[in-house]
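What follows is the content of query-v6.cif, which has mmCIF, C-alpha atoms:
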```cif
data_structure
#
loop_
_atom_site.label_atom_id
_atom_site.label_comp_id
_atom_site.auth_asym_id
_atom_site.auth_seq_id
_atom_site.Cartn_x
_atom_site.Cartn_y
_atom_site.Cartn_z
CA MET A 857 0.29 155.86 20.58
CA LYS A 858 -2.38 158.06 22.15
CA LEU A 859 -6.18 158.18 21.77
CA VAL A 860 -7.88 161.56 22.01
CA SER A 861 -11.65 162.08 21.97
CA GLY A 862 -13.82 165.05 21.20
CA ASN A 863 -17.35 165.34 22.60
CA SER A 864 -19.30 163.91 19.65
CA ASN A 865 -19.11 160.22 20.59
CA ILE A 866 -17.33 159.66 23.89
CA ASN A 867 -18.87 156.20 24.45
CA LEU A 868 -17.42 154.90 21.18
CA ALA A 869 -14.02 156.43 21.99
CA GLU A 870 -14.04 154.78 25.43
CA ASN A 871 -14.97 151.42 23.91
CA ILE A 872 -12.09 151.73 21.45
CA GLY A 873 -9.81 152.51 24.39
CA LYS A 874 -11.04 149.40 26.25
CA TYR A 875 -10.53 147.22 23.17
CA LEU A 876 -6.95 148.50 22.76
CA ASP A 877 -6.37 148.41 26.53
CA MET A 878 -5.45 152.07 26.42
CA PRO A 879 -7.10 154.94 28.37
CA LEU A 880 -8.10 158.09 26.54
CA ALA A 881 -5.55 160.88 26.79
CA ASP A 882 -6.27 163.64 29.31
CA CYS A 883 -7.74 166.40 27.19
CA THR A 884 -10.00 169.35 27.97
CA VAL A 885 -12.59 170.24 25.32
CA LYS A 886 -15.05 172.90 26.46
CA LYS A 887 -16.92 176.01 25.35
CA PHE A 888 -16.68 179.58 26.56
CA SER A 889 -19.90 181.45 27.34
CA ASP A 890 -20.02 182.78 23.77
CA LYS A 891 -19.79 179.15 22.49
CA GLU A 892 -16.21 179.43 21.26
CA ILE A 893 -14.47 176.06 21.61
CA PHE A 894 -11.37 175.70 23.77
CA VAL A 895 -9.05 172.68 23.71
CA GLU A 896 -6.08 171.88 25.96
CA MET A 897 -3.97 168.74 26.12
CA ASN A 898 -3.13 167.97 29.75
CA GLU A 899 -0.32 165.52 29.01
CA ASN A 900 2.76 165.35 26.83
CA CYS A 901 2.16 164.37 23.16
CA ARG A 902 5.57 165.18 21.70
CA GLY A 903 6.62 162.52 19.20
CA GLU A 904 3.41 160.50 19.71
CA ASP A 905 1.23 158.76 17.10
CA VAL A 906 -2.13 160.35 17.96
CA PHE A 907 -5.62 159.23 16.89
CA ILE A 908 -8.45 161.76 17.32
CA ILE A 909 -11.86 160.06 17.52
CA GLN A 910 -14.59 162.49 16.49
CA SER A 911 -17.70 162.06 14.34
CA THR A 912 -18.93 165.23 12.64
CA SER A 913 -22.56 164.44 13.43
CA PHE A 914 -25.20 166.73 14.99
CA PRO A 915 -24.38 169.45 15.89
CA ALA A 916 -22.24 169.08 12.78
CA ASN A 917 -20.59 172.51 12.81
CA ASP A 918 -19.63 172.34 16.49
CA ASN A 919 -18.22 168.83 16.16
CA LEU A 920 -16.32 169.72 12.99
CA MET A 921 -14.83 172.77 14.69
CA GLU A 922 -13.85 170.63 17.69
CA LEU A 923 -12.05 168.25 15.33
CA LEU A 924 -10.17 171.07 13.59
CA ILE A 925 -9.09 172.65 16.88
CA LEU A 926 -8.02 169.26 18.29
CA ILE A 927 -5.86 168.70 15.20
CA ASP A 928 -4.28 172.15 15.55
CA THR A 929 -3.71 171.61 19.28
CA LEU A 930 -1.86 168.35 18.70
CA LYS A 931 0.12 169.76 15.81
CA ARG A 932 1.34 172.58 18.05
CA ALA A 933 2.04 170.03 20.80
CA SER A 934 4.56 168.36 18.42
CA ALA A 935 2.67 165.10 17.85
CA LYS A 936 4.60 162.92 15.39
CA ARG A 937 1.51 161.92 13.38
CA ILE A 938 -2.15 162.91 13.67
CA THR A 939 -4.89 160.60 12.36
CA ALA A 940 -8.45 161.93 12.30
CA VAL A 941 -10.74 158.97 13.06
CA ILE A 942 -14.12 160.14 11.75
CA PRO A 943 -16.66 157.27 12.09
CA TYR A 944 -19.35 159.48 10.54
CA PHE A 945 -18.15 162.06 8.02
CA GLY A 946 -20.68 164.91 7.99
CA TYR A 947 -21.38 166.93 4.82
CA ALA A 948 -20.65 163.76 2.80
CA ARG A 949 -23.95 164.07 0.92
CA GLN A 950 -22.77 167.35 -0.58
CA ASP A 951 -20.23 165.51 -2.74
CA ARG A 952 -21.09 167.06 -6.13
CA LYS A 953 -22.82 170.03 -7.72
CA THR A 954 -26.54 169.24 -7.71
CA GLY A 955 -27.39 172.42 -9.59
CA PRO A 956 -25.94 175.73 -10.72
CA ARG A 957 -24.23 177.87 -8.05
CA THR A 958 -24.18 175.12 -5.42
CA PRO A 959 -21.13 174.09 -3.34
CA ILE A 960 -19.23 170.81 -3.07
CA THR A 961 -19.04 171.02 0.71
CA ALA A 962 -17.51 167.56 1.20
CA LYS A 963 -14.44 168.83 -0.65
CA LEU A 964 -14.36 172.00 1.47
CA VAL A 965 -14.49 169.96 4.70
CA SER A 966 -11.73 167.64 3.48
CA ASN A 967 -9.58 170.70 2.74
CA LEU A 968 -10.23 172.07 6.23
CA ILE A 969 -9.18 168.80 7.88
CA THR A 970 -6.05 168.56 5.72
CA ASN A 971 -5.04 172.19 6.20
CA ALA A 972 -5.62 171.99 9.96
CA GLY A 973 -2.72 169.50 10.05
CA ALA A 974 -4.12 165.96 9.92
CA ASP A 975 -1.66 163.44 8.45
CA ARG A 976 -4.26 160.83 7.57
CA VAL A 977 -7.98 160.07 7.90
CA LEU A 978 -9.79 156.92 9.00
CA THR A 979 -13.52 156.81 8.33
CA LEU A 980 -16.43 154.42 7.87
CA ASP A 981 -18.80 153.89 4.93
CA LEU A 982 -18.39 157.20 3.14
CA HIS A 983 -21.59 158.25 1.39
CA ALA A 984 -19.69 158.39 -1.91
CA GLY A 985 -16.41 156.64 -2.61
CA GLN A 986 -14.98 159.59 -4.53
CA ILE A 987 -14.73 161.57 -1.27
CA GLN A 988 -11.54 159.60 -0.58
CA GLY A 989 -10.06 161.47 -3.53
CA PHE A 990 -11.05 164.83 -2.03
CA PHE A 991 -8.32 164.39 0.58
CA ASP A 992 -4.68 165.04 -0.30
CA ILE A 993 -3.58 162.80 2.57
CA PRO A 994 -3.92 159.00 3.00
CA THR A 995 -7.56 158.09 3.70
CA ASP A 996 -8.84 154.68 4.80
CA ASN A 997 -12.54 154.04 4.26
CA LEU A 998 -13.70 151.06 6.32
CA TYR A 999 -16.84 149.03 5.56
CA SER A 1000 -19.57 147.95 7.95
CA SER A 1001 -20.53 145.00 5.71
CA PRO A 1002 -18.69 142.31 7.74
CA ILE A 1003 -20.47 143.44 10.92
CA PHE A 1004 -23.84 143.42 9.18
CA ILE A 1005 -23.27 140.05 7.50
CA ARG A 1006 -22.52 138.38 10.84
CA ASP A 1007 -25.77 139.73 12.30
CA ILE A 1008 -27.80 138.82 9.20
CA LYS A 1009 -26.50 135.23 9.29
CA LYS A 1010 -27.49 135.02 12.95
CA ASN A 1011 -31.03 136.37 12.53
CA TYR A 1012 -32.12 135.56 8.96
CA LYS A 1013 -31.70 132.12 7.43
CA LYS A 1014 -33.35 131.96 3.99
CA ASN A 1015 -35.60 133.53 1.37
CA ILE A 1016 -33.84 136.92 1.67
CA THR A 1017 -33.85 139.75 -0.86
CA PHE A 1018 -31.58 142.73 -0.26
CA VAL A 1019 -33.06 146.06 -1.25
CA SER A 1020 -31.23 149.22 -2.27
CA PRO A 1021 -33.43 152.26 -1.55
CA ASP A 1022 -31.90 154.15 -4.49
CA VAL A 1023 -29.57 153.65 -7.44
CA GLY A 1024 -26.58 155.00 -5.48
CA GLY A 1025 -26.74 152.16 -2.96
CA ILE A 1026 -26.73 149.29 -5.45
CA THR A 1027 -23.03 148.49 -4.99
CA LYS A 1028 -23.32 148.04 -1.22
CA ALA A 1029 -26.50 145.94 -1.48
CA ARG A 1030 -25.03 143.80 -4.27
CA ASP A 1031 -21.83 143.19 -2.29
CA ILE A 1032 -23.71 141.86 0.73
CA ALA A 1033 -26.17 139.90 -1.44
CA SER A 1034 -23.37 138.20 -3.36
CA GLN A 1035 -21.62 137.12 -0.15
CA LEU A 1036 -24.87 135.65 1.17
CA LYS A 1037 -25.94 134.29 -2.26
CA SER A 1038 -29.23 136.23 -2.22
CA ASP A 1039 -31.25 138.30 -4.68
CA ILE A 1040 -31.41 142.09 -4.82
CA ALA A 1041 -34.12 144.63 -5.60
CA ILE A 1042 -33.80 148.34 -6.37
CA MET A 1043 -36.09 151.26 -5.61
CA ASP A 1044 -36.66 153.75 -8.42
CA LYS A 1045 -36.90 156.97 -6.40
CA ARG A 1046 -38.01 160.45 -7.37
CA ARG A 1047 -36.99 163.26 -4.97
CA ALA A 1048 -39.17 166.39 -5.18
CA GLU A 1049 -36.95 168.48 -2.87
CA PRO A 1050 -34.12 167.96 -0.34
CA GLY A 1051 -35.26 165.94 2.67
CA LYS A 1052 -38.34 164.56 0.88
CA SER A 1053 -38.53 161.52 -1.36
CA GLU A 1054 -41.17 159.60 -3.23
CA VAL A 1055 -40.71 155.99 -4.28
CA MET A 1056 -42.15 155.31 -7.70
CA ASN A 1057 -41.30 151.71 -8.53
CA VAL A 1058 -39.74 148.47 -7.26
CA ILE A 1059 -37.32 146.73 -9.61
CA GLY A 1060 -37.01 143.07 -8.66
CA ASN A 1061 -39.07 140.33 -7.01
CA VAL A 1062 -39.94 140.90 -3.33
CA LYS A 1063 -43.16 138.91 -3.06
CA ASN A 1064 -43.19 136.59 0.00
CA LYS A 1065 -39.55 137.52 0.68
CA THR A 1066 -37.76 138.67 3.81
CA CYS A 1067 -36.57 142.05 2.53
CA ILE A 1068 -33.51 143.69 4.06
CA ILE A 1069 -32.92 147.32 3.10
CA ILE A 1070 -29.24 148.28 2.91
CA ASP A 1071 -28.10 151.91 3.10
CA ASP A 1072 -25.34 154.08 4.56
CA ILE A 1073 -27.41 156.85 6.19
CA VAL A 1074 -30.89 157.17 7.68
CA ASP A 1075 -31.65 160.85 8.28
CA SER A 1076 -35.28 161.94 8.32
CA GLY A 1077 -36.37 158.38 7.52
CA GLY A 1078 -38.43 159.43 4.49
CA THR A 1079 -36.55 157.37 1.91
CA LEU A 1080 -36.39 154.35 4.21
CA CYS A 1081 -40.06 154.36 5.17
CA ASN A 1082 -41.27 155.02 1.60
CA ALA A 1083 -39.15 152.11 0.38
CA ALA A 1084 -40.60 149.86 3.10
CA LYS A 1085 -44.17 150.82 2.18
CA ALA A 1086 -43.51 150.19 -1.51
CA ILE A 1087 -42.06 146.72 -1.04
CA LYS A 1088 -44.81 145.86 1.46
CA LYS A 1089 -47.38 146.70 -1.23
CA LYS A 1090 -45.49 144.38 -3.58
CA GLY A 1091 -45.99 141.50 -1.17
CA ALA A 1092 -42.88 141.47 1.04
CA LYS A 1093 -43.27 139.10 3.98
CA ASP A 1094 -40.94 140.77 6.52
CA ILE A 1095 -38.91 143.98 6.30
CA ALA A 1096 -35.70 144.88 8.13
CA ALA A 1097 -33.04 147.52 7.50
CA TYR A 1098 -29.27 147.59 8.04
CA ILE A 1099 -27.94 151.13 7.93
CA THR A 1100 -24.48 152.31 8.97
CA HIS A 1101 -25.12 155.83 10.24
CA GLY A 1102 -28.25 156.56 12.28
CA VAL A 1103 -28.71 160.33 12.05
CA PHE A 1104 -32.43 160.17 12.97
CA SER A 1105 -33.21 163.88 12.57
CA GLY A 1106 -36.59 165.54 13.05
CA LYS A 1107 -39.49 163.08 13.29
CA ALA A 1108 -37.49 160.11 12.01
CA ILE A 1109 -38.08 157.89 15.07
CA ALA A 1110 -41.83 158.51 15.03
CA ARG A 1111 -41.95 157.90 11.29
CA ILE A 1112 -40.06 154.62 11.64
CA SER A 1113 -42.27 153.43 14.51
CA LYS A 1114 -45.32 153.70 12.20
CA SER A 1115 -43.61 152.02 9.25
CA PRO A 1116 -43.85 148.33 8.26
CA ILE A 1117 -40.18 147.85 9.18
CA LYS A 1118 -39.85 145.34 12.02
CA ARG A 1119 -36.18 145.85 12.86
CA ILE A 1120 -33.57 148.52 12.09
CA ILE A 1121 -29.89 147.92 12.78
CA VAL A 1122 -27.48 150.86 12.91
CA THR A 1123 -23.92 151.19 14.17
CA ASP A 1124 -22.66 153.42 16.97
CA SER A 1125 -20.72 155.62 14.52
CA ILE A 1126 -23.09 158.35 15.76
CA GLU A 1127 -23.95 158.63 19.45
CA ALA A 1128 -27.53 157.34 19.72
CA THR A 1129 -30.13 159.75 21.07
CA GLN A 1130 -32.29 158.66 23.99
CA SER A 1131 -35.32 158.27 21.70
CA ALA A 1132 -33.31 155.95 19.44
CA LYS A 1133 -32.19 153.90 22.45
CA ASN A 1134 -35.80 153.68 23.68
CA SER A 1135 -37.18 152.53 20.32
CA THR A 1136 -38.14 148.86 20.25
CA LYS A 1137 -37.34 148.70 16.53
CA ILE A 1138 -33.81 150.08 16.62
CA ASN A 1139 -30.81 147.88 17.46
CA ILE A 1140 -27.24 149.19 17.70
CA LEU A 1141 -24.11 147.30 16.69
CA SER A 1142 -20.71 148.58 17.78
CA VAL A 1143 -17.96 149.41 15.30
CA ALA A 1144 -15.41 149.79 18.13
CA PRO A 1145 -13.68 146.44 17.36
CA LEU A 1146 -13.40 147.29 13.64
CA LEU A 1147 -12.04 150.80 14.25
CA SER A 1148 -9.71 149.50 16.97
CA GLU A 1149 -8.17 146.89 14.67
CA ALA A 1150 -7.70 149.54 11.96
CA ILE A 1151 -6.07 151.94 14.45
CA LYS A 1152 -3.76 149.18 15.67
CA ARG A 1153 -2.74 148.33 12.09
CA ILE A 1154 -2.18 151.94 11.07
CA SER A 1155 -0.01 152.54 14.13
CA SER A 1156 2.11 149.46 13.41
CA GLU A 1157 2.27 150.22 9.66
CA LYS A 1158 0.36 147.07 8.70
CA SER A 1159 -2.27 146.54 5.99
CA VAL A 1160 -5.81 147.70 6.76
CA SER A 1161 -7.39 146.07 3.69
CA VAL A 1162 -6.83 142.57 5.13
CA LEU A 1163 -9.69 143.30 7.53
CA PHE A 1164 -12.03 142.80 4.55
CA ASP A 1165 -10.29 139.97 2.69
#
```
Could you show the structure in this file as structure tokens?
Amino acid sequence: MKLVSGNSNINLAENIGKYLDMPLADCTVKKFSDKEIFVEMNENCRGEDVFIIQSTSFPANDNLMELLILIDTLKRASAKRITAVIPYFGYARQDRKTGPRTPITAKLVSNLITNAGADRVLTLDLHAGQIQGFFDIPTDNLYSSPIFIRDIKKNYKKNITFVSPDVGGITKARDIASQLKSDIAIMDKRRAEPGKSEVMNVIGNVKNKTCIIIDDIVDSGGTLCNAAKAIKKKGAKDIAAYITHGVFSGKAIARISKSPIKRIIVTDSIEATQSAKNSTKINILSVAPLLSEAIKRISSEKSVSVLFD
């Protein structure tokens, strides 16, 4: 087995390597002066079971292209099997037609990864479960819930209500709430245009509760902060948020710092920016152990689902 990393999240790749007691393979990934990407494997990969660790986060197009070229490089180097380990799958929010003459880009990206030569995909908390079906190769979608539940049990003891910031996140919030025997609330959200949201109503009781918002992605922070303001107005005592992928684009960090949220927990599926690391509200949990166990099981042809039983 070999581990190969692109440039999107080297720290996570190195932590996976440490967990598996396996150094990253010697691989050159660089850009020419015109920004074309060049990849070269500096060691033999013939007949190897290779795992490419690469999130398609910002800059999404560069990191996606790196992933595709890495796959092609290893295919031409005669790797036995190529698994694309994509902790954060970019373009996942474009999973359906939202209007006439609009693309389903998540399907396009899955086709690109498949046609480049990947044999299987390992990812984490896909924005929509149906994206698994976009791939024509085996795809394992891991869940961050066990990691979050351990941290919630450690830091929050009672009187908790889990909040879904929109209808699409109900399943994830309900799953965690049921395991911790807590209540849930739902935000009724109206989105005027992409990147902007307006919370209209809170469904459920949040008064005098410790409210924990559960979601898969925080991007500009608009949905998250509007949800926090709405439940604060309804009498929430404390507000925290557990979110898998911390994109934090634009003025997200500044927006969050002014919000009533006391603590935000994200995973290292996306390499944290310096401003995110400096924020007193943002805490980062590592998914390296979870991904490492899944990689180990895939390589040895064992069940991955037992990680969540």
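Remark: for Ala1033 of chain A, the closest of the candidate residues A:Ser966, A:Ser934, A:Phe1018, A:Lys1045 is A:Phe1018 (distances computed over only C-alpha atoms).
One finds atom CA of Leu930 of chain A at 16.3 Å from atom CA of Asn863 of chain A.
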Output of the PyMOL selection byres ((chain A and resi 1068-1077) around 9), listed as a count of residues only: 45
Contact residues around Lys1085 of chain A with all atoms listed in the file at 10 Å, ignoring same-chain residues under 4 positions, as a list in words: Val1055, Leu1080, Cys1081, Lys1089, Lys1090, Ala1092, Ile1095, Ser1115, Pro1116 and Ile1117 of chain A
Spatial neighbours of segment 866-880 of chain A, 8 Å, all atoms listed in the file, chain gap at least 4 places, as number ranges by chain: A: 858-862, 909, 1124-1125, 1127, 1142, 1144-1145, 1147-1148, 1152
12 Å contact set for Ser1155 of chain A, only C-alpha atoms, chain neighbours under 4 positions out, as a ChimeraX atom specification: /A:857-859,876,904-907,936-939,976,978,1148-1151,1159-1160
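Atom CA of Thr1129 of chain A is found 17.0 Å from atom CA of Val1143 of chain A.
With atom CA of Lys1114 of chain A on one side and atom CA of Thr1136 of chain A on the other, the separation reads 11.8 Å.
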Draw an axis-aligned box tight on the listed atoms of segment 1017-1034 of chain A, then pad every side by 6 Å and write out centre and edge lengths in Å to one decimal as JSON.
```
{"center_x": -27.8, "center_y": 146.6, "center_z": -3.4, "size_x": 24.0, "size_y": 28.8, "size_z": 20.2}
```
Sel. within 12 Å of pt (-16.6, 159.4, -4.7), counting only C-alpha atoms, output as a ChimeraX atom specification: /A:948-952,960,962-963,981-991,997,1024
Explicit residues for the PyMOL selection byres ((chain A and resi 1005) around 12) (as an NGL selection string): :A and (999-1004 or 1006-1013 or 1018 or 1028-1029 or 1031-1037 or 1068 or 1070 or 1098 or 1121 or 1141 or 1164)
Chain and number of each residue from the PyMOL selection byres ((chain A and resi 890-901) around 10), as a PDB file with C-alpha atoms, in the frame of the given file:
```pdb
ATOM      1  CA  MET A 857       0.290 155.860  20.580  1.00  0.00           C
ATOM      2  CA  LYS A 858      -2.380 158.060  22.150  1.00  0.00           C
ATOM      3  CA  VAL A 860      -7.880 161.560  22.010  1.00  0.00           C
ATOM      4  CA  GLY A 862     -13.820 165.050  21.200  1.00  0.00           C
ATOM      5  CA  ALA A 881      -5.550 160.880  26.790  1.00  0.00           C
ATOM      6  CA  ASP A 882      -6.270 163.640  29.310  1.00  0.00           C
ATOM      7  CA  CYS A 883      -7.740 166.400  27.190  1.00  0.00           C
ATOM      8  CA  THR A 884     -10.000 169.350  27.970  1.00  0.00           C
ATOM      9  CA  VAL A 885     -12.590 170.240  25.320  1.00  0.00           C
ATOM     10  CA  LYS A 886     -15.050 172.900  26.460  1.00  0.00           C
ATOM     11  CA  LYS A 887     -16.920 176.010  25.350  1.00  0.00           C
ATOM     12  CA  PHE A 888     -16.680 179.580  26.560  1.00  0.00           C
ATOM     13  CA  SER A 889     -19.900 181.450  27.340  1.00  0.00           C
ATOM     14  CA  ARG A 902       5.570 165.180  21.700  1.00  0.00           C
ATOM     15  CA  GLY A 903       6.620 162.520  19.200  1.00  0.00           C
ATOM     16  CA  GLU A 904       3.410 160.500  19.710  1.00  0.00           C
ATOM     17  CA  ASP A 905       1.230 158.760  17.100  1.00  0.00           C
ATOM     18  CA  VAL A 906      -2.130 160.350  17.960  1.00  0.00           C
ATOM     19  CA  ASP A 918     -19.630 172.340  16.490  1.00  0.00           C
ATOM     20  CA  ASN A 919     -18.220 168.830  16.160  1.00  0.00           C
ATOM     21  CA  MET A 921     -14.830 172.770  14.690  1.00  0.00           C
ATOM     22  CA  GLU A 922     -13.850 170.630  17.690  1.00  0.00           C
ATOM     23  CA  LEU A 923     -12.050 168.250  15.330  1.00  0.00           C
ATOM     24  CA  ILE A 925      -9.090 172.650  16.880  1.00  0.00           C
ATOM     25  CA  LEU A 926      -8.020 169.260  18.290  1.00  0.00           C
ATOM     26  CA  ILE A 927      -5.860 168.700  15.200  1.00  0.00           C
ATOM     27  CA  ASP A 928      -4.280 172.150  15.550  1.00  0.00           C
ATOM     28  CA  THR A 929      -3.710 171.610  19.280  1.00  0.00           C
ATOM     29  CA  LEU A 930      -1.860 168.350  18.700  1.00  0.00           C
ATOM     30  CA  LYS A 931       0.120 169.760  15.810  1.00  0.00           C
ATOM     31  CA  ARG A 932       1.340 172.580  18.050  1.00  0.00           C
ATOM     32  CA  ALA A 933       2.040 170.030  20.800  1.00  0.00           C
ATOM     33  CA  SER A 934       4.560 168.360  18.420  1.00  0.00           C
ATOM     34  CA  ALA A 935       2.670 165.100  17.850  1.00  0.00           C
ATOM     35  CA  LYS A 936       4.600 162.920  15.390  1.00  0.00           C
TER      36      LYS A 936
END
```
Long-range neighbours of Leu920 of chain A as an MDAnalysis selection string, 9 Å cut-off, all atoms listed in the file, 5 positions minimum in chain: chainID A and resid 910:913 915 925 946 965 969
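You can rank A:Ile1120, A:Leu998, A:Ile1087, A:Ile1040 by their closest distance to Ser1161 of chain A using all atoms listed in the file, and at the top of that list sits A:Leu998.
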Could segment 882-902 of chain A be completed with N, CA and C atoms and written as a compact mmCIF listing (two decimals), in the coordinates of the input, please?
```txt
# COMPACT_ATOMS: atom_id res chain seq x y z
N ASP A 882 -5.67 162.58 28.51
CA ASP A 882 -6.27 163.64 29.31
C ASP A 882 -6.34 164.91 28.47
N CYS A 883 -7.55 165.26 28.09
CA CYS A 883 -7.74 166.40 27.19
C CYS A 883 -8.98 167.18 27.61
N THR A 884 -8.87 168.49 27.64
CA THR A 884 -10.00 169.35 27.97
C THR A 884 -10.59 169.92 26.69
N VAL A 885 -11.87 169.66 26.47
CA VAL A 885 -12.59 170.24 25.32
C VAL A 885 -13.86 170.88 25.87
N LYS A 886 -13.90 172.20 25.87
CA LYS A 886 -15.05 172.90 26.46
C LYS A 886 -15.39 174.14 25.65
N LYS A 887 -16.48 174.80 26.04
CA LYS A 887 -16.92 176.01 25.35
C LYS A 887 -16.93 177.18 26.33
N PHE A 888 -16.53 178.35 25.79
CA PHE A 888 -16.68 179.58 26.56
C PHE A 888 -18.15 180.00 26.52
N SER A 889 -18.49 181.02 27.27
CA SER A 889 -19.90 181.45 27.34
C SER A 889 -20.45 181.90 26.00
N ASP A 890 -19.56 182.37 25.11
CA ASP A 890 -20.02 182.78 23.77
C ASP A 890 -19.99 181.63 22.77
N LYS A 891 -19.79 180.39 23.28
CA LYS A 891 -19.79 179.15 22.49
C LYS A 891 -18.52 178.92 21.68
N GLU A 892 -17.50 179.76 21.86
CA GLU A 892 -16.21 179.43 21.26
C GLU A 892 -15.66 178.17 21.91
N ILE A 893 -14.99 177.34 21.12
CA ILE A 893 -14.47 176.06 21.61
C ILE A 893 -13.03 176.23 22.06
N PHE A 894 -12.72 175.66 23.21
CA PHE A 894 -11.37 175.70 23.77
C PHE A 894 -10.88 174.28 23.98
N VAL A 895 -9.65 174.01 23.56
CA VAL A 895 -9.05 172.68 23.71
C VAL A 895 -7.69 172.81 24.39
N GLU A 896 -7.40 171.92 25.32
CA GLU A 896 -6.08 171.88 25.96
C GLU A 896 -5.69 170.44 26.24
N MET A 897 -4.51 170.04 25.77
CA MET A 897 -3.97 168.74 26.12
C MET A 897 -3.28 168.84 27.48
N ASN A 898 -3.65 167.93 28.39
CA ASN A 898 -3.13 167.97 29.75
C ASN A 898 -2.00 166.97 29.98
N GLU A 899 -1.47 166.42 28.90
CA GLU A 899 -0.32 165.52 29.01
C GLU A 899 0.56 165.66 27.78
N ASN A 900 1.78 165.19 27.90
CA ASN A 900 2.76 165.35 26.83
C ASN A 900 2.40 164.48 25.62
N CYS A 901 2.46 165.09 24.41
CA CYS A 901 2.16 164.37 23.16
C CYS A 901 3.33 164.43 22.18
N ARG A 902 4.43 165.00 22.61
CA ARG A 902 5.57 165.18 21.70
C ARG A 902 6.05 163.83 21.16
```
